[in-house]
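Source file: run02.cif; contents: mmCIF, C-alpha atoms and all ligand atoms.
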```
data_structure
#
loop_
_atom_site.group_PDB
_atom_site.id
_atom_site.type_symbol
_atom_site.label_atom_id
_atom_site.label_comp_id
_atom_site.auth_asym_id
_atom_site.auth_seq_id
_atom_site.Cartn_x
_atom_site.Cartn_y
_atom_site.Cartn_z
ATOM 1 C CA MET Z 1 -6.785 -13.448 20.941
ATOM 2 C CA SER Z 2 -5.225 -16.445 19.229
ATOM 3 C CA HIS Z 3 -3.414 -15.260 16.156
ATOM 4 C CA ASP Z 4 -0.540 -17.585 15.593
ATOM 5 C CA HIS Z 5 -0.955 -18.406 11.907
ATOM 6 C CA ASP Z 6 1.225 -16.849 9.256
ATOM 7 C CA HIS Z 7 -0.042 -13.981 7.125
ATOM 8 C CA GLU Z 8 3.281 -13.166 5.535
ATOM 9 C CA THR Z 9 2.149 -14.371 2.122
ATOM 10 C CA ASN Z 10 -0.762 -11.910 1.982
ATOM 11 C CA PHE Z 11 1.221 -8.714 2.194
ATOM 12 C CA GLY Z 12 4.396 -7.605 0.514
ATOM 13 C CA SER Z 13 5.548 -5.607 3.490
ATOM 14 C CA ALA Z 14 4.160 -7.480 6.453
ATOM 15 C CA THR Z 15 5.667 -5.087 8.974
ATOM 16 C CA SER Z 16 4.230 -1.824 7.610
ATOM 17 C CA PRO Z 17 1.581 -0.008 9.715
ATOM 18 C CA LEU Z 18 -0.944 -0.504 6.925
ATOM 19 C CA ALA Z 19 -0.326 -4.258 6.804
ATOM 20 C CA ALA Z 20 -0.708 -4.418 10.588
ATOM 21 C CA ARG Z 21 -4.033 -2.589 10.329
ATOM 22 C CA VAL Z 22 -5.255 -4.896 7.587
ATOM 23 C CA ARG Z 23 -4.276 -7.945 9.679
ATOM 24 C CA ALA Z 24 -6.110 -6.561 12.691
ATOM 25 C CA MET Z 25 -9.252 -5.899 10.621
ATOM 26 C CA GLU Z 26 -9.038 -9.328 9.045
ATOM 27 C CA ALA Z 27 -8.738 -10.984 12.465
ATOM 28 C CA LEU Z 28 -11.738 -8.998 13.714
ATOM 29 C CA LEU Z 29 -13.893 -9.910 10.703
ATOM 30 C CA ILE Z 30 -13.044 -13.584 11.192
ATOM 31 C CA GLU Z 31 -13.715 -13.369 14.925
ATOM 32 C CA LYS Z 32 -17.125 -11.771 14.278
ATOM 33 C CA GLY Z 33 -17.931 -14.566 11.836
ATOM 34 C CA LEU Z 34 -18.361 -12.167 8.889
ATOM 35 C CA VAL Z 35 -15.743 -13.918 6.766
ATOM 36 C CA THR Z 36 -13.664 -17.065 7.066
ATOM 37 C CA GLU Z 37 -9.938 -17.404 6.571
ATOM 38 C CA ALA Z 38 -10.707 -19.687 3.583
ATOM 39 C CA GLU Z 39 -12.862 -16.982 1.957
ATOM 40 C CA ILE Z 40 -10.070 -14.455 2.319
ATOM 41 C CA GLN Z 41 -7.556 -16.877 0.790
ATOM 42 C CA ASP Z 42 -9.983 -17.643 -2.080
ATOM 43 C CA ASN Z 43 -10.281 -13.924 -2.728
ATOM 44 C CA VAL Z 44 -6.508 -13.464 -2.787
ATOM 45 C CA ALA Z 45 -6.172 -16.400 -5.191
ATOM 46 C CA TYR Z 46 -8.938 -15.007 -7.426
ATOM 47 C CA MET Z 47 -7.278 -11.583 -7.639
ATOM 48 C CA ASP Z 48 -3.858 -13.152 -8.267
ATOM 49 C CA SER Z 49 -5.323 -15.015 -11.248
ATOM 50 C CA ARG Z 50 -6.433 -11.745 -12.981
ATOM 51 C CA SER Z 51 -3.971 -10.089 -15.331
ATOM 52 C CA PRO Z 52 -3.575 -7.579 -18.150
ATOM 53 C CA VAL Z 53 -3.243 -10.618 -20.438
ATOM 54 C CA ASN Z 54 -7.050 -10.856 -20.216
ATOM 55 C CA GLY Z 55 -7.369 -7.324 -21.561
ATOM 56 C CA ALA Z 56 -4.842 -8.039 -24.316
ATOM 57 C CA ARG Z 57 -6.897 -11.065 -25.388
ATOM 58 C CA LEU Z 58 -10.059 -8.948 -25.556
ATOM 59 C CA VAL Z 59 -8.282 -6.327 -27.679
ATOM 60 C CA ALA Z 60 -6.709 -8.878 -30.040
ATOM 61 C CA ARG Z 61 -10.057 -10.607 -30.577
ATOM 62 C CA ALA Z 62 -11.734 -7.247 -31.250
ATOM 63 C CA TRP Z 63 -9.047 -6.425 -33.823
ATOM 64 C CA ALA Z 64 -9.505 -9.799 -35.517
ATOM 65 C CA ASP Z 65 -13.302 -10.087 -35.320
ATOM 66 C CA GLU Z 66 -15.550 -7.142 -36.169
ATOM 67 C CA GLY Z 67 -18.611 -8.730 -34.530
ATOM 68 C CA PHE Z 68 -16.726 -9.254 -31.279
ATOM 69 C CA ARG Z 69 -15.447 -5.671 -31.433
ATOM 70 C CA ALA Z 70 -19.053 -4.415 -31.530
ATOM 71 C CA ARG Z 71 -20.041 -6.660 -28.615
ATOM 72 C CA LEU Z 72 -16.987 -5.568 -26.599
ATOM 73 C CA LEU Z 73 -17.884 -1.911 -27.081
ATOM 74 C CA SER Z 74 -21.549 -2.417 -26.206
ATOM 75 C CA ASP Z 75 -21.024 -4.645 -23.119
ATOM 76 C CA GLY Z 76 -17.448 -5.227 -22.002
ATOM 77 C CA LYS Z 77 -18.353 -7.564 -19.183
ATOM 78 C CA ALA Z 78 -20.445 -9.851 -21.397
ATOM 79 C CA ALA Z 79 -17.665 -9.886 -24.010
ATOM 80 C CA ALA Z 80 -15.124 -10.865 -21.345
ATOM 81 C CA ILE Z 81 -17.366 -13.695 -20.168
ATOM 82 C CA GLU Z 82 -17.783 -14.758 -23.822
ATOM 83 C CA LEU Z 83 -13.989 -15.161 -23.997
ATOM 84 C CA GLY Z 84 -14.003 -17.352 -20.891
ATOM 85 C CA ILE Z 85 -12.770 -14.634 -18.528
ATOM 86 C CA ASP Z 86 -14.455 -15.006 -15.146
ATOM 87 C CA ALA Z 87 -15.784 -11.433 -14.875
ATOM 88 C CA VAL Z 88 -19.182 -12.251 -13.397
ATOM 89 C CA ALA Z 89 -18.390 -10.376 -10.163
ATOM 90 C CA SER Z 90 -17.141 -7.295 -12.029
ATOM 91 C CA PRO Z 91 -18.850 -3.910 -11.924
ATOM 92 C CA GLU Z 92 -19.930 -2.627 -15.335
ATOM 93 C CA LEU Z 93 -16.980 -2.631 -17.762
ATOM 94 C CA VAL Z 94 -17.043 0.164 -20.332
ATOM 95 C CA VAL Z 95 -14.571 -0.265 -23.190
ATOM 96 C CA VAL Z 96 -13.650 2.996 -24.902
ATOM 97 C CA GLU Z 97 -12.220 2.873 -28.401
ATOM 98 C CA ASN Z 98 -9.250 4.919 -29.557
ATOM 99 C CA THR Z 99 -9.654 6.395 -33.047
ATOM 100 C CA PRO Z 100 -7.567 8.845 -35.070
ATOM 101 C CA ASP Z 101 -9.876 11.556 -33.618
ATOM 102 C CA VAL Z 102 -10.012 10.509 -29.942
ATOM 103 C CA HIS Z 103 -7.433 9.054 -27.579
ATOM 104 C CA ASN Z 104 -8.787 7.700 -24.278
ATOM 105 C CA LEU Z 105 -7.068 7.831 -20.902
ATOM 106 C CA ILE Z 106 -8.357 6.094 -17.753
ATOM 107 C CA VAL Z 107 -8.035 7.391 -14.212
ATOM 108 C CA CYS Z 108 -9.773 7.122 -10.873
ATOM 109 C CA THR Z 109 -9.512 10.601 -9.401
ATOM 110 C CA LEU Z 110 -11.032 9.535 -6.088
ATOM 111 C CA CYS Z 111 -9.057 6.397 -5.248
ATOM 112 C CA SER Z 112 -7.987 3.423 -7.339
ATOM 113 C CA CYS Z 113 -11.059 2.027 -9.142
ATOM 114 C CA TYR Z 114 -9.859 -0.251 -11.923
ATOM 115 C CA PRO Z 115 -11.282 -3.282 -13.798
ATOM 116 C CA ARG Z 116 -9.621 -5.624 -11.312
ATOM 117 C CA ASN Z 117 -11.905 -8.567 -12.057
ATOM 118 C CA VAL Z 118 -10.457 -8.592 -15.572
ATOM 119 C CA LEU Z 119 -6.994 -6.972 -15.350
ATOM 120 C CA GLY Z 120 -5.985 -7.666 -11.760
ATOM 121 C CA ARG Z 121 -4.533 -5.049 -9.453
ATOM 122 C CA PRO Z 122 -3.667 -1.618 -10.856
ATOM 123 C CA PRO Z 123 -0.037 -0.471 -10.984
ATOM 124 C CA ASP Z 124 1.134 1.608 -8.004
ATOM 125 C CA TRP Z 125 1.432 4.799 -10.059
ATOM 126 C CA TYR Z 126 -2.249 4.523 -10.991
ATOM 127 C CA LYS Z 127 -3.093 4.929 -7.297
ATOM 128 C CA SER Z 128 -0.707 7.844 -6.749
ATOM 129 C CA PHE Z 129 -2.048 11.304 -5.963
ATOM 130 C CA GLU Z 130 0.123 12.722 -8.720
ATOM 131 C CA TYR Z 131 -1.396 10.568 -11.469
ATOM 132 C CA ARG Z 132 -4.949 10.954 -10.152
ATOM 133 C CA SER Z 133 -4.746 14.736 -10.202
ATOM 134 C CA ARG Z 134 -2.533 15.345 -13.225
ATOM 135 C CA ALA Z 135 -4.256 12.856 -15.584
ATOM 136 C CA VAL Z 136 -7.260 15.173 -15.612
ATOM 137 C CA ARG Z 137 -5.451 18.501 -15.508
ATOM 138 C CA GLU Z 138 -2.665 17.835 -17.996
ATOM 139 C CA PRO Z 139 -3.189 14.428 -19.640
ATOM 140 C CA ARG Z 140 -0.787 15.140 -22.506
ATOM 141 C CA ALA Z 141 2.052 16.014 -20.139
ATOM 142 C CA VAL Z 142 1.416 12.803 -18.200
ATOM 143 C CA MET Z 143 1.446 10.683 -21.375
ATOM 144 C CA ARG Z 144 4.650 12.394 -22.531
ATOM 145 C CA GLU Z 145 6.303 11.259 -19.321
ATOM 146 C CA PHE Z 146 5.284 7.701 -20.194
ATOM 147 C CA GLY Z 147 7.032 8.228 -23.528
ATOM 148 C CA PHE Z 148 3.946 8.641 -25.697
ATOM 149 C CA GLU Z 149 1.785 11.503 -26.913
ATOM 150 C CA PRO Z 150 -1.175 11.383 -29.304
ATOM 151 C CA PRO Z 151 -0.977 13.537 -32.458
ATOM 152 C CA GLY Z 152 -1.806 17.216 -31.866
ATOM 153 C CA ASP Z 153 -5.140 17.060 -33.694
ATOM 154 C CA THR Z 154 -6.330 14.055 -31.651
ATOM 155 C CA ARG Z 155 -8.687 14.931 -28.800
ATOM 156 C CA VAL Z 156 -7.837 13.379 -25.422
ATOM 157 C CA ALA Z 157 -10.816 12.014 -23.501
ATOM 158 C CA VAL Z 158 -10.178 11.284 -19.800
ATOM 159 C CA HIS Z 159 -12.526 8.786 -18.138
ATOM 160 C CA ASP Z 160 -12.944 8.876 -14.375
ATOM 161 C CA SER Z 161 -13.637 5.406 -12.972
ATOM 162 C CA THR Z 162 -16.100 4.839 -10.147
ATOM 163 C CA ALA Z 163 -17.171 1.995 -7.898
ATOM 164 C CA ASP Z 164 -19.914 1.146 -10.420
ATOM 165 C CA VAL Z 165 -18.179 1.728 -13.754
ATOM 166 C CA ARG Z 166 -14.686 0.579 -14.742
ATOM 167 C CA TYR Z 167 -13.032 1.509 -18.010
ATOM 168 C CA MET Z 168 -10.615 -0.170 -20.388
ATOM 169 C CA VAL Z 169 -9.138 1.242 -23.594
ATOM 170 C CA LEU Z 170 -9.457 -0.511 -26.952
ATOM 171 C CA PRO Z 171 -6.355 0.797 -28.746
ATOM 172 C CA ILE Z 172 -5.954 1.219 -32.497
ATOM 173 C CA ARG Z 173 -4.516 -1.831 -34.232
ATOM 174 C CA PRO Z 174 -1.035 -0.760 -35.320
ATOM 175 C CA PRO Z 175 -0.344 -0.647 -39.058
ATOM 176 C CA GLY Z 176 1.894 -3.436 -40.338
ATOM 177 C CA THR Z 177 0.253 -6.150 -38.217
ATOM 178 C CA GLY Z 178 -1.869 -7.730 -40.961
ATOM 179 C CA GLY Z 179 0.153 -10.948 -40.894
ATOM 180 C CA LEU Z 180 -0.070 -11.516 -37.132
ATOM 181 C CA ASP Z 181 -2.390 -14.056 -35.575
ATOM 182 C CA GLU Z 182 -4.524 -13.311 -32.526
ATOM 183 C CA SER Z 183 -1.981 -14.416 -29.944
ATOM 184 C CA GLU Z 184 0.778 -12.413 -31.646
ATOM 185 C CA LEU Z 185 -1.539 -9.393 -31.660
ATOM 186 C CA ALA Z 186 -2.259 -9.864 -27.949
ATOM 187 C CA ASP Z 187 1.484 -9.783 -27.259
ATOM 188 C CA LEU Z 188 1.572 -6.166 -28.502
ATOM 189 C CA VAL Z 189 -0.989 -4.986 -25.936
ATOM 190 C CA THR Z 190 0.505 -4.013 -22.578
ATOM 191 C CA ARG Z 191 -1.243 -2.989 -19.380
ATOM 192 C CA ASP Z 192 -0.278 0.641 -20.068
ATOM 193 C CA CYS Z 193 -2.060 0.467 -23.461
ATOM 194 C CA LEU Z 194 -5.242 -0.656 -21.675
ATOM 195 C CA ILE Z 195 -5.052 2.389 -19.378
ATOM 196 C CA GLY Z 196 -4.175 4.711 -22.247
ATOM 197 C CA VAL Z 197 -0.736 6.003 -21.211
ATOM 198 C CA ASP Z 198 0.753 4.131 -24.174
ATOM 199 C CA VAL Z 199 -0.287 2.570 -27.487
ATOM 200 C CA PRO Z 200 0.618 -0.779 -29.066
ATOM 201 C CA ARG Z 201 3.348 -0.776 -31.671
ATOM 202 C CA ALA Z 202 4.027 -3.259 -34.445
ATOM 203 C CA PRO Z 203 7.102 -5.418 -33.864
ATOM 204 C CA SER Z 204 9.813 -4.206 -36.246
ATOM 205 C CA ALA Z 205 9.815 -7.555 -38.049
ATOM 206 C CA ALA Z 206 6.141 -7.124 -38.925
ATOM 207 C CA GLN Z 207 6.583 -3.658 -40.388
ATOM 208 C CA ALA Z 208 6.647 -4.283 -44.106
HETATM 209 FE FE FE A 301 -11.543 4.514 -7.063
#
```
As structure tokens, please, write out the structure in this file.
Amino acid sequence: MSHDHDHETNFGSATSPLAARVRAMEALLIEKGLVTEAEIQDNVAYMDSRSPVNGARLVARAWADEGFRARLLSDGKAAAIELGIDAVASPELVVVENTPDVHNLIVCTLCSCYPRNVLGRPPDWYKSFEYRSRAVREPRAVMREFGFEPPGDTRVAVHDSTADVRYMVLPIRPPGTGGLDESELADLVTRDCLIGVDVPRAPSAAQA
């Protein structure tokens, strides 16, 4: 079979057994006419253009605009599209809101389901067996290892993602951020905050 073009850019470790398997499957799918090389490249480009910045923008807008917050909580996908994020292909996106009473933590116990159409690829630890099993069994211990733990009287709710439903956390707006504009607010929201292993903190300069 002719296979002389270069796939190096698709895979970080092009020599690993997994990468070799993926290349073989890709070649077979192309040969069978099920996908084209261009479609695969388009897909890679699409996924590369997703990022946690999208989630941070959604959170910052929700903090700044009560109406948007309500729409984000009732239909995350529609709210993302409203903000110009191309989430049309996304499975249902459920946004869960942290409150003083409930802290939310996202996991996929089965594999690595994640709101990729909005946030891009999940971090490697999210896919690890250790995180997938321990997030459910001992969520507080896991969060402590990330350097954060909710107050003792806050209930921890763990959400198990599936192929059909992806979750994202809407964190609490940190106190002392009243003077920040939406883009400054978005800068406080990291990927880990959107998964729930951390929370946003006010920059020290903003703490009055
Ligand atoms: Fe999964």
Exercise for review: Collect all residues with atoms no farther than 12 Å from ligand FE 301 (chain A), counting only C-alpha atoms and all ligand atoms, and output them as a VMD selection string.
Suggested key: chain Z and resid 106 to 116 122 126 to 129 132 159 to 167
For the interface of stretch 47-114 of chain Z with stretch 175-187 of chain Z (cut-off 10 Å, counting all atoms listed in the file), please tabulate each contacting residue of stretch 47-114 of chain Z alongside its nearest pair of atoms and their separation in Å to one decimal, rows sorted by chain and increasing number, as a Markdown table.
```
| residue | atom | partner | partner_atom | distance |
| --- | --- | --- | --- | --- |
| Z:Val53 | CA | Z:Ala186 | CA | 7.6 |
| Z:Asn54 | CA | Z:Ala186 | CA | 9.2 |
| Z:Gly55 | CA | Z:Ala186 | CA | 8.6 |
| Z:Ala56 | CA | Z:Ala186 | CA | 4.8 |
| Z:Arg57 | CA | Z:Ala186 | CA | 5.4 |
| Z:Leu58 | CA | Z:Ala186 | CA | 8.2 |
| Z:Val59 | CA | Z:Ala186 | CA | 7.0 |
| Z:Ala60 | CA | Z:Ala186 | CA | 5.0 |
| Z:Arg61 | CA | Z:Glu182 | CA | 6.5 |
| Z:Ala62 | CA | Z:Glu182 | CA | 9.5 |
| Z:Trp63 | CA | Z:Glu182 | CA | 8.3 |
| Z:Ala64 | CA | Z:Glu182 | CA | 6.8 |
| Z:Asp65 | CA | Z:Glu182 | CA | 9.8 |
```
Practice item. May I ask which of the residues Z:Ser74, Z:Val158, Z:Gly33, Z:Leu18 is the closest one to Z:Asn98, counting all atoms listed in the file? Key: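 Closest candidate: Z:Val158.
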Check your understanding: For Z:Arg155, which residue among Z:Arg134, Z:Arg140, Z:Arg173, Z:Arg21 is the nearest when counting only C-alpha atoms?
Key -> Z:Arg140
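You can rank Z:Pro17, Z:Pro171, Z:Pro52, Z:Pro100 by their closest distance to Z:Ile85 using only C-alpha atoms, and at the top of that list sits Z:Pro52.
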Check your understanding: At what distance in Å, to one decimal, does atom CA of Z:Ser16 lie from atom CA of Z:Val44?
Key ->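 Computing it gives 18.9 Å between the two atoms.
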Revision key, fill the gap. Expressed in Å, the length from atom CA of Z:Asp42 to atom CA of Z:Ala79 is 24.5 Å
Point to revise | For Z:Gly84, the nearest of the candidates Z:Val189, Z:Val197, Z:Val102, Z:Val118, counting only C-alpha atoms | key: Z:Val118
Exercise for review: Take atom CA of Z:Arg23 and atom CA of Z:Thr36 and report the distance between them in Å, one decimal.
Suggested key: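 Going from atom CA of Z:Arg23 over to atom CA of Z:Thr36 covers 13.3 Å.
With distances restricted to all atoms listed in the file, Z:Val169 is the closest residue to Z:Leu93 from Z:Glu37, Z:Val169, Z:Ser133, Z:Asp124.
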Please put the answer as JSON: centre and edge lengths, in Å with one decimal, of a box along x, y and z that encloses all listed atoms of stretch 164-170 of chain Z plus 3 Å on each side.
```
{"center_x": -14.5, "center_y": 0.6, "center_z": -18.7, "size_x": 16.8, "size_y": 8.2, "size_z": 22.5}
```
Exercise for review: Would you mind listing what lies within 8 Å of Z:Gly147 as a VMD selection string, with only C-alpha atoms counted and same-chain residues fewer than 3 positions away left out?
Suggested key: chain Z and resid 143 to 144 198
File dump, residues just selected, C-alpha atoms, as an mmCIF file, keeping the file's coordinate frame:
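Produced file selection.cif, reproduced below:
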```cif
data_model
loop_
_atom_site.group_PDB
_atom_site.id
_atom_site.type_symbol
_atom_site.label_atom_id
_atom_site.label_comp_id
_atom_site.auth_asym_id
_atom_site.auth_seq_id
_atom_site.Cartn_x
_atom_site.Cartn_y
_atom_site.Cartn_z
ATOM 1 C CA MET Z 143 1.446 10.683 -21.375
ATOM 2 C CA ARG Z 144 4.650 12.394 -22.531
ATOM 3 C CA ASP Z 198 0.753 4.131 -24.174
#
```
Practice item. List, as a PyMOL selection string, every residue that the PyMOL selection byres (((chain Z and resi 89) around 10) and not hetatm) selects in the file provided. Key: chain Z and resi 77+86-88+90-92+117-118
